[in-house]
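Participant: Got a structure for you, final00.cif, holding mmCIF, C-alpha atoms.
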data_structure
#
loop_
_atom_site.label_atom_id
_atom_site.label_comp_id
_atom_site.auth_asym_id
_atom_site.auth_seq_id
_atom_site.Cartn_x
_atom_site.Cartn_y
_atom_site.Cartn_z
CA MET A 1 0.00 0.00 0.00
CA ARG A 2 1.29 3.43 -0.88
CA LEU A 3 1.90 6.10 1.71
CA PHE A 4 0.74 9.62 0.90
CA VAL A 5 1.78 12.72 2.81
CA ALA A 6 0.06 16.09 2.41
CA ALA A 7 2.75 18.71 2.07
CA SER A 8 1.69 22.16 0.93
CA ALA A 9 -1.16 24.40 2.07
CA ILE A 10 -4.17 25.13 -0.13
CA TRP A 11 -6.52 28.00 0.67
CA LEU A 12 -9.90 29.00 -0.73
CA ASN A 13 -9.13 32.64 -0.07
CA GLU A 14 -6.27 34.75 1.24
CA HIS A 15 -3.92 33.32 3.85
CA PRO A 16 -5.13 34.28 7.35
CA ASP A 17 -3.05 36.57 9.50
CA CYS A 18 -1.46 34.26 12.08
CA SER A 19 -0.04 36.95 14.33
CA ASP A 20 -1.31 37.60 17.87
CA THR A 21 -4.13 35.05 17.65
CA THR A 22 -6.07 34.47 20.86
CA MET A 23 -9.80 33.87 20.24
CA LEU A 24 -10.34 31.22 17.56
CA LEU A 25 -13.64 30.29 15.91
CA ALA A 26 -13.84 26.62 14.84
CA LEU A 27 -16.60 25.55 12.43
CA ASP A 28 -17.41 21.91 11.70
CA LEU A 29 -19.88 21.87 8.82
CA GLY A 30 -21.44 18.42 8.47
CA ASN A 31 -24.35 17.06 6.47
CA SER A 32 -26.65 17.00 9.50
CA ASN A 33 -25.18 19.51 11.94
CA LEU A 34 -23.06 22.63 12.08
CA VAL A 35 -20.93 22.55 15.23
CA ILE A 36 -19.46 25.86 16.35
CA GLY A 37 -16.73 26.30 18.93
CA VAL A 38 -15.03 29.39 20.34
CA TYR A 39 -11.56 28.96 21.82
CA ASN A 40 -9.71 31.39 24.01
CA ASP A 41 -6.17 30.19 23.40
CA GLU A 42 -6.46 26.43 24.10
CA GLN A 43 -9.66 26.56 26.16
CA LEU A 44 -13.06 25.87 24.56
CA ILE A 45 -15.28 28.53 26.13
CA HIS A 46 -18.48 28.10 24.09
CA SER A 47 -19.92 25.54 21.68
CA TRP A 48 -23.19 25.19 19.80
CA ARG A 49 -24.80 22.62 17.50
CA LEU A 50 -27.16 23.78 14.72
CA GLU A 51 -29.03 21.88 12.05
CA THR A 52 -27.40 22.04 8.63
CA VAL A 53 -29.87 23.39 6.07
CA HIS A 54 -28.39 23.41 2.58
CA THR A 55 -30.71 26.17 1.32
CA ARG A 56 -29.90 28.71 4.02
CA THR A 57 -28.01 31.77 2.86
CA GLU A 58 -24.96 33.34 4.44
CA ASP A 59 -27.23 36.10 5.77
CA GLU A 60 -29.44 33.56 7.55
CA TYR A 61 -26.53 31.65 9.03
CA GLY A 62 -24.83 34.94 9.88
CA LEU A 63 -27.89 36.12 11.80
CA MET A 64 -28.05 32.88 13.78
CA ILE A 65 -24.37 33.04 14.69
CA ARG A 66 -24.64 36.70 15.70
CA GLN A 67 -27.53 35.78 18.00
CA LEU A 68 -25.52 32.96 19.59
CA PHE A 69 -22.62 35.32 20.16
CA ALA A 70 -24.91 37.93 21.69
CA PHE A 71 -26.45 35.35 24.03
CA ALA A 72 -22.94 34.34 25.13
CA LYS A 73 -21.99 38.01 25.59
CA LEU A 74 -19.36 37.80 22.87
CA GLN A 75 -18.63 40.33 20.15
CA PRO A 76 -17.72 39.20 16.60
CA ASP A 77 -14.63 41.42 16.64
CA MET A 78 -13.23 39.31 19.50
CA VAL A 79 -12.56 36.55 16.96
CA ARG A 80 -9.04 36.85 15.59
CA ALA A 81 -8.91 33.65 13.52
CA ILE A 82 -11.26 31.10 11.95
CA VAL A 83 -10.78 27.48 10.90
CA LEU A 84 -13.41 25.54 8.95
CA ALA A 85 -13.89 21.88 8.03
CA SER A 86 -16.74 21.14 5.64
CA VAL A 87 -18.17 18.04 3.97
CA VAL A 88 -20.91 20.10 2.30
CA PRO A 89 -19.30 21.71 -0.78
CA ILE A 90 -22.38 23.74 -1.63
CA LEU A 91 -22.10 25.54 1.73
CA THR A 92 -18.33 25.86 2.00
CA ARG A 93 -18.09 29.11 0.05
CA THR A 94 -21.21 30.37 1.82
CA PHE A 95 -19.33 30.09 5.12
CA VAL A 96 -16.13 31.54 3.70
CA ARG A 97 -18.13 34.63 2.73
CA LEU A 98 -19.97 34.60 6.07
CA CYS A 99 -16.68 34.65 7.98
CA GLN A 100 -15.56 37.70 6.05
CA GLN A 101 -18.95 39.40 6.42
CA VAL A 102 -19.59 38.73 10.13
CA PHE A 103 -16.09 38.53 11.59
CA ASP A 104 -14.01 40.41 9.00
CA GLN A 105 -11.63 37.45 9.01
CA PRO A 106 -10.59 34.97 6.32
CA ALA A 107 -11.18 31.30 7.14
CA LEU A 108 -8.58 28.56 6.98
CA VAL A 109 -10.49 25.82 5.12
CA VAL A 110 -9.17 22.35 5.90
CA GLY A 111 -8.72 20.38 2.71
CA PRO A 112 -6.20 18.54 0.53
CA GLY A 113 -2.79 19.99 1.20
CA THR A 114 -3.57 21.67 4.50
CA LYS A 115 -0.66 21.35 6.90
CA THR A 116 -1.77 18.72 9.40
CA GLY A 117 1.46 16.96 10.37
CA MET A 118 -0.25 13.59 9.81
CA PRO A 119 0.82 11.22 7.00
CA ILE A 120 -2.20 9.90 5.10
CA ARG A 121 -2.36 6.33 3.82
CA TYR A 122 -5.38 6.60 1.52
CA ASP A 123 -5.77 6.38 -2.24
CA PRO A 124 -6.08 9.17 -3.22
CA PRO A 125 -5.50 11.25 -0.06
CA LYS A 126 -7.84 14.03 -1.21
CA ASP A 127 -10.80 11.65 -0.96
CA VAL A 128 -10.64 11.53 2.83
CA GLY A 129 -13.30 13.75 4.39
CA ALA A 130 -11.85 16.72 6.25
CA ASP A 131 -13.75 15.76 9.40
CA ARG A 132 -12.14 12.29 9.43
CA ILE A 133 -8.61 13.70 9.33
CA VAL A 134 -9.47 16.35 11.92
CA ASN A 135 -10.80 13.67 14.30
CA ALA A 136 -7.73 11.51 13.74
CA ILE A 137 -5.38 14.37 14.60
CA ALA A 138 -7.27 15.22 17.79
CA ALA A 139 -7.38 11.59 18.94
CA TYR A 140 -3.72 10.87 18.26
CA THR A 141 -2.59 14.13 19.87
CA ARG A 142 -4.57 13.26 22.98
CA PHE A 143 -3.56 9.60 23.40
CA LYS A 144 -0.20 9.33 21.55
CA CYS A 145 -0.95 5.74 20.48
CA ALA A 146 -2.91 3.80 17.87
CA CYS A 147 -6.52 4.98 17.79
CA ILE A 148 -9.87 3.96 16.37
CA ILE A 149 -12.33 6.85 16.08
CA VAL A 150 -16.07 6.25 15.68
CA ASP A 151 -17.97 9.35 14.55
CA PHE A 152 -21.77 9.09 14.66
CA GLY A 153 -23.16 11.49 12.07
CA THR A 154 -25.16 11.28 8.84
CA ALA A 155 -22.73 8.48 8.12
CA THR A 156 -21.03 6.54 10.88
CA THR A 157 -17.32 6.65 10.11
CA ILE A 158 -14.73 4.44 11.77
CA ASP A 159 -11.19 5.70 11.27
CA THR A 160 -7.82 4.28 12.19
CA VAL A 161 -4.56 5.92 13.25
CA LEU A 162 -1.44 3.77 13.49
CA GLU A 163 0.88 3.98 16.49
CA ASP A 164 3.34 6.10 14.47
CA GLY A 165 0.63 8.72 13.83
CA THR A 166 -0.27 7.71 10.27
CA TYR A 167 -3.89 7.90 9.16
CA ALA A 168 -4.62 4.43 7.78
CA GLY A 169 -8.22 4.61 6.52
CA GLY A 170 -11.34 3.06 7.95
CA ALA A 171 -14.98 2.27 7.22
CA ILE A 172 -18.07 4.26 6.26
CA VAL A 173 -21.60 2.98 6.90
CA PRO A 174 -25.02 4.67 6.80
CA GLY A 175 -25.76 6.51 10.02
CA VAL A 176 -28.62 5.61 12.35
CA HIS A 177 -31.08 8.16 10.98
CA VAL A 178 -30.17 7.39 7.36
CA SER A 179 -30.73 3.69 7.96
CA MET A 180 -34.05 4.25 9.67
CA GLY A 181 -35.20 6.68 6.97
CA ALA A 182 -34.32 4.23 4.21
CA LEU A 183 -36.21 1.43 5.95
CA LEU A 184 -39.36 3.46 6.49
CA SER A 185 -39.33 4.90 2.96
CA ARG A 186 -39.13 1.44 1.36
CA ALA A 187 -41.49 -0.47 3.65
CA ALA A 188 -44.98 0.97 3.18
CA LYS A 189 -46.61 -0.77 6.14
CA LEU A 190 -44.03 0.25 8.75
CA PRO A 191 -44.93 3.28 10.89
CA LYS A 192 -42.69 6.29 11.41
CA VAL A 193 -40.67 5.74 14.58
CA ASP A 194 -38.50 8.08 16.61
CA PHE A 195 -34.99 6.86 17.25
CA GLY A 196 -34.31 5.86 20.82
CA ARG A 197 -32.82 3.21 23.04
CA PRO A 198 -35.43 0.51 23.69
CA GLU A 199 -35.68 -1.27 27.03
CA ARG A 200 -35.01 -4.67 25.48
CA ALA A 201 -33.71 -6.20 22.27
CA THR A 202 -36.82 -8.31 21.82
CA GLY A 203 -39.46 -5.86 20.62
CA ARG A 204 -43.02 -6.68 21.66
CA ASN A 205 -44.67 -4.57 18.99
CA THR A 206 -43.71 -3.06 15.63
CA ILE A 207 -42.41 0.22 17.07
CA GLU A 208 -40.23 -1.55 19.64
CA SER A 209 -39.00 -3.96 16.97
CA ILE A 210 -37.89 -1.13 14.68
CA GLN A 211 -36.20 0.68 17.56
CA SER A 212 -34.44 -2.50 18.65
CA GLY A 213 -33.20 -3.33 15.18
CA THR A 214 -32.03 0.22 14.52
CA TYR A 215 -30.40 0.85 17.88
CA PHE A 216 -28.95 -2.51 18.89
CA GLY A 217 -28.19 -3.33 15.27
CA HIS A 218 -26.04 -0.20 15.03
CA VAL A 219 -24.37 -1.01 18.35
CA ALA A 220 -23.53 -4.52 17.12
CA MET A 221 -22.25 -3.16 13.81
CA VAL A 222 -19.93 -0.71 15.58
CA ASP A 223 -18.62 -3.33 18.00
CA GLY A 224 -18.12 -5.83 15.18
CA LEU A 225 -16.23 -3.43 12.92
CA VAL A 226 -14.09 -2.03 15.73
CA THR A 227 -13.18 -5.55 16.84
CA ARG A 228 -12.23 -6.53 13.29
CA ILE A 229 -10.19 -3.35 12.74
CA ARG A 230 -8.47 -3.79 16.10
CA SER A 231 -7.39 -7.29 15.06
CA GLU A 232 -5.71 -5.81 11.96
CA LEU A 233 -3.64 -3.30 13.91
CA GLU A 234 -0.15 -4.26 14.99
CA ALA A 235 -0.07 -2.16 18.14
CA THR A 236 0.23 -2.91 21.84
CA THR A 237 -2.03 -0.04 22.91
CA ILE A 238 -5.17 0.95 21.01
CA ARG A 239 -7.70 3.52 22.22
CA VAL A 240 -11.26 3.66 20.85
CA ILE A 241 -12.94 7.07 20.91
CA GLY A 242 -16.56 7.92 20.10
CA THR A 243 -17.71 11.33 18.92
CA GLY A 244 -20.65 12.93 17.13
CA GLY A 245 -24.22 13.69 18.10
CA LEU A 246 -25.23 10.12 19.05
CA ALA A 247 -21.95 9.01 20.61
CA THR A 248 -23.07 9.37 24.22
CA THR A 249 -26.27 7.42 23.58
CA ILE A 250 -24.76 4.53 21.65
CA ALA A 251 -21.66 4.28 23.87
CA ARG A 252 -23.95 3.08 26.67
CA ASP A 253 -24.13 -0.29 24.93
CA ALA A 254 -21.17 -0.33 22.53
CA THR A 255 -18.62 -2.18 24.63
CA THR A 256 -15.69 -1.32 22.35
CA ILE A 257 -15.97 2.46 22.83
CA GLU A 258 -13.74 3.49 25.72
CA VAL A 259 -14.02 7.28 25.65
CA VAL A 260 -16.64 9.71 24.35
CA ASP A 261 -15.46 13.18 23.33
CA GLU A 262 -18.23 15.34 21.88
CA HIS A 263 -15.75 18.10 21.06
CA LEU A 264 -13.14 15.94 19.33
CA THR A 265 -13.61 17.58 15.92
CA LEU A 266 -13.44 21.10 17.34
CA GLU A 267 -10.22 20.22 19.14
CA GLY A 268 -8.78 18.80 15.94
CA LEU A 269 -9.61 22.02 14.13
CA ARG A 270 -7.84 24.02 16.81
CA LEU A 271 -4.76 21.82 16.47
CA ILE A 272 -4.72 22.16 12.67
CA TYR A 273 -4.93 25.92 12.91
CA GLN A 274 -2.12 25.88 15.45
CA ARG A 275 0.05 23.81 13.10
CA SER A 276 -0.77 25.92 10.07
CA CYS A 277 -0.21 29.19 11.91
CA PRO A 278 2.44 28.41 14.56
#
Represent the structure of the file as structure tokens.
Facilitator:
Amino acid sequence: MRLFVAASAIWLNEHPDCSDTTMLLALDLGNSNLVIGVYNDEQLIHSWRLETVHTRTEDEYGLMIRQLFAFAKLQPDMVRAIVLASVVPILTRTFVRLCQQVFDQPALVVGPGTKTGMPIRYDPPKDVGADRIVNAIAAYTRFKCACIIVDFGTATTIDTVLEDGTYAGGAIVPGVHVSMGALLSRAAKLPKVDFGRPERATGRNTIESIQSGTYFGHVAMVDGLVTRIRSELEATTIRVIGTGGLATTIARDATTIEVVDEHLTLEGLRLIYQRSCP
């Protein structure tokens, strides 16, 4: 297998000013949620999770972010730097413009070529989602050993970092809500069911049966894949980290997940900015 290493930096706009940076805005733009974090140096002081709506304009998102800042008693001009990871191309430039409009700051957009300090073993490297690399960097920086990261989002991604800090790939499966939506859209007689943890695996009616299959099925899938990936790693110490909106819920029953870090992606973004603008 070939080893690829990202070397040079690629920007969607002008290079940010890296001098005298204190308050950093980190934006994780996913298919389901926009996660926003504000760092004062290395400390996360505020974070918010919003629904991602592809048709919203930069003015609409800008208004929402201004309101969040006002509620937290923050002023936009306190932000001295911005870093953005996006898996929604149609909204990436919307947020680049928003950052300039609301904060008068250019955004460092994480993408192919961004200085991460992590070798990437993937073919081709540019196909790896920015959020997957960001998570890998945060996990490896925290534990300094081989890691398996399970991110519960629109897709559930399971990513692997070798003990030497190389990103080695992983697995992508439909997320819980995608799986449930596909089932209900293709099975006319099944009722619409809210996702939740059922009391037992043996459902005693149709709703409980769907909840059991969706919830415990996803738990079993995660545990099975993590166990198989772990067996492929030649490492003495391996840490398994869960993140994403459903991580806390599913980690109750997923025996392979050791640690849940809801802010793993934000921390990875902070680290990437730090490495790009030392």
Participant: In file coordinates, which residues lie within 12 Å of (-23.3, 4.2, 25.1) using only C-alpha atoms, given as a list in words?
Facilitator: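 Protein and nucleic acid residues near the point are Phe152, Gly196, Arg197, Tyr215, Phe216, His218, Val219, Ala220, Val222, Asp223, Ile241, Gly242, Thr243, Gly245, Leu246, Ala247, Thr248, Thr249, Ile250, Ala251, Arg252, Asp253, Ala254, Thr255, Thr256, Ile257, Glu258, Val259 and Val260 of chain A.
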Participant: Could you check the closest approach to A:Ala235 for each of A:Lys144, A:Arg204, A:His263, A:Arg121 and tell me which residue wins, using only C-alpha atoms?
Facilitator: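 Looking only at the distances to A:Ala235, the closest residue turns out to be A:Lys144.
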Participant: Written as a PyMOL selection string, which residues does the PyMOL selection byres ((chain A and resi 236-239) around 6) give for the file shown?
Facilitator: chain A and resi 146-147+235+240
Participant: Nearest residue to A:Ala130 out of A:Val87, A:Ala107, A:Cys99, A:Met78, using all atoms listed in the file?
Facilitator: A:Val87
Participant: What is the distance between atom CA of A:Gly37 and atom CA of A:Ala168, in Å to one decimal?
Facilitator: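 Going from atom CA of A:Gly37 over to atom CA of A:Ala168 covers 27.4 Å.
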Participant: Starting from the shown file, work through the PyMOL selection byres ((chain A and resi 104) around 12) and note down what comes out as a PyMOL selection string.
Facilitator: chain A and resi 16-17+76-82+96-103+105-107
Participant: Applied to the shown file, which residues does the PyMOL selection byres ((chain A and resi 139) around 10) return, written as a PyMOL selection string?
Facilitator: chain A and resi 133-138+140-149+160-161+165+239-242+261+264-265+267-268
Participant: Report the centre and edge lengths, in Å to one decimal, of an axis-aligned box enclosing every atom of stretch 172-190 of chain A listed in the file, padded by 6 Å on each side, as lines of an AutoDock Vina configuration file.
Facilitator:
center_x = -32.3
center_y = 3.7
center_z = 6.9
size_x = 40.5
size_y = 20.9
size_z = 23.0
Participant: If you measure from atom CA of A:Thr57 to atom CA of A:Thr94, what distance in Å do you get, rounded to one decimal?
Facilitator: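 Taking atom CA of A:Thr57 and atom CA of A:Thr94, their separation equals 7.0 Å.
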Participant: Using C-alpha atoms, give me stretch 74-118 of chain A from the structure I just pasted, as a PDB file, in the first residue's frame.
Facilitator:
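Written file, decode26.pdb:
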ATOM      1  CA  LEU A  74     -19.357  37.797  22.865  1.00  0.00           C
ATOM      2  CA  GLN A  75     -18.633  40.326  20.151  1.00  0.00           C
ATOM      3  CA  PRO A  76     -17.718  39.200  16.597  1.00  0.00           C
ATOM      4  CA  ASP A  77     -14.626  41.417  16.639  1.00  0.00           C
ATOM      5  CA  MET A  78     -13.234  39.313  19.505  1.00  0.00           C
ATOM      6  CA  VAL A  79     -12.559  36.546  16.964  1.00  0.00           C
ATOM      7  CA  ARG A  80      -9.037  36.850  15.586  1.00  0.00           C
ATOM      8  CA  ALA A  81      -8.911  33.648  13.519  1.00  0.00           C
ATOM      9  CA  ILE A  82     -11.265  31.100  11.948  1.00  0.00           C
ATOM     10  CA  VAL A  83     -10.780  27.476  10.900  1.00  0.00           C
ATOM     11  CA  LEU A  84     -13.409  25.538   8.955  1.00  0.00           C
ATOM     12  CA  ALA A  85     -13.892  21.875   8.030  1.00  0.00           C
ATOM     13  CA  SER A  86     -16.738  21.137   5.641  1.00  0.00           C
ATOM     14  CA  VAL A  87     -18.168  18.039   3.973  1.00  0.00           C
ATOM     15  CA  VAL A  88     -20.912  20.103   2.301  1.00  0.00           C
ATOM     16  CA  PRO A  89     -19.296  21.709  -0.777  1.00  0.00           C
ATOM     17  CA  ILE A  90     -22.384  23.744  -1.630  1.00  0.00           C
ATOM     18  CA  LEU A  91     -22.104  25.544   1.730  1.00  0.00           C
ATOM     19  CA  THR A  92     -18.332  25.860   2.000  1.00  0.00           C
ATOM     20  CA  ARG A  93     -18.094  29.114   0.054  1.00  0.00           C
ATOM     21  CA  THR A  94     -21.212  30.370   1.817  1.00  0.00           C
ATOM     22  CA  PHE A  95     -19.332  30.089   5.118  1.00  0.00           C
ATOM     23  CA  VAL A  96     -16.131  31.540   3.703  1.00  0.00           C
ATOM     24  CA  ARG A  97     -18.134  34.635   2.726  1.00  0.00           C
ATOM     25  CA  LEU A  98     -19.974  34.601   6.071  1.00  0.00           C
ATOM     26  CA  CYS A  99     -16.680  34.651   7.982  1.00  0.00           C
ATOM     27  CA  GLN A 100     -15.560  37.703   6.048  1.00  0.00           C
ATOM     28  CA  GLN A 101     -18.951  39.400   6.424  1.00  0.00           C
ATOM     29  CA  VAL A 102     -19.591  38.735  10.133  1.00  0.00           C
ATOM     30  CA  PHE A 103     -16.088  38.535  11.585  1.00  0.00           C
ATOM     31  CA  ASP A 104     -14.013  40.406   9.000  1.00  0.00           C
ATOM     32  CA  GLN A 105     -11.629  37.450   9.012  1.00  0.00           C
ATOM     33  CA  PRO A 106     -10.585  34.967   6.322  1.00  0.00           C
ATOM     34  CA  ALA A 107     -11.183  31.300   7.142  1.00  0.00           C
ATOM     35  CA  LEU A 108      -8.579  28.563   6.977  1.00  0.00           C
ATOM     36  CA  VAL A 109     -10.487  25.825   5.125  1.00  0.00           C
ATOM     37  CA  VAL A 110      -9.168  22.353   5.900  1.00  0.00           C
ATOM     38  CA  GLY A 111      -8.722  20.377   2.714  1.00  0.00           C
ATOM     39  CA  PRO A 112      -6.197  18.538   0.531  1.00  0.00           C
ATOM     40  CA  GLY A 113      -2.789  19.990   1.201  1.00  0.00           C
ATOM     41  CA  THR A 114      -3.570  21.673   4.495  1.00  0.00           C
ATOM     42  CA  LYS A 115      -0.657  21.348   6.904  1.00  0.00           C
ATOM     43  CA  THR A 116      -1.771  18.716   9.404  1.00  0.00           C
ATOM     44  CA  GLY A 117       1.456  16.963  10.366  1.00  0.00           C
ATOM     45  CA  MET A 118      -0.250  13.590   9.814  1.00  0.00           C
TER      46      MET A 118
END
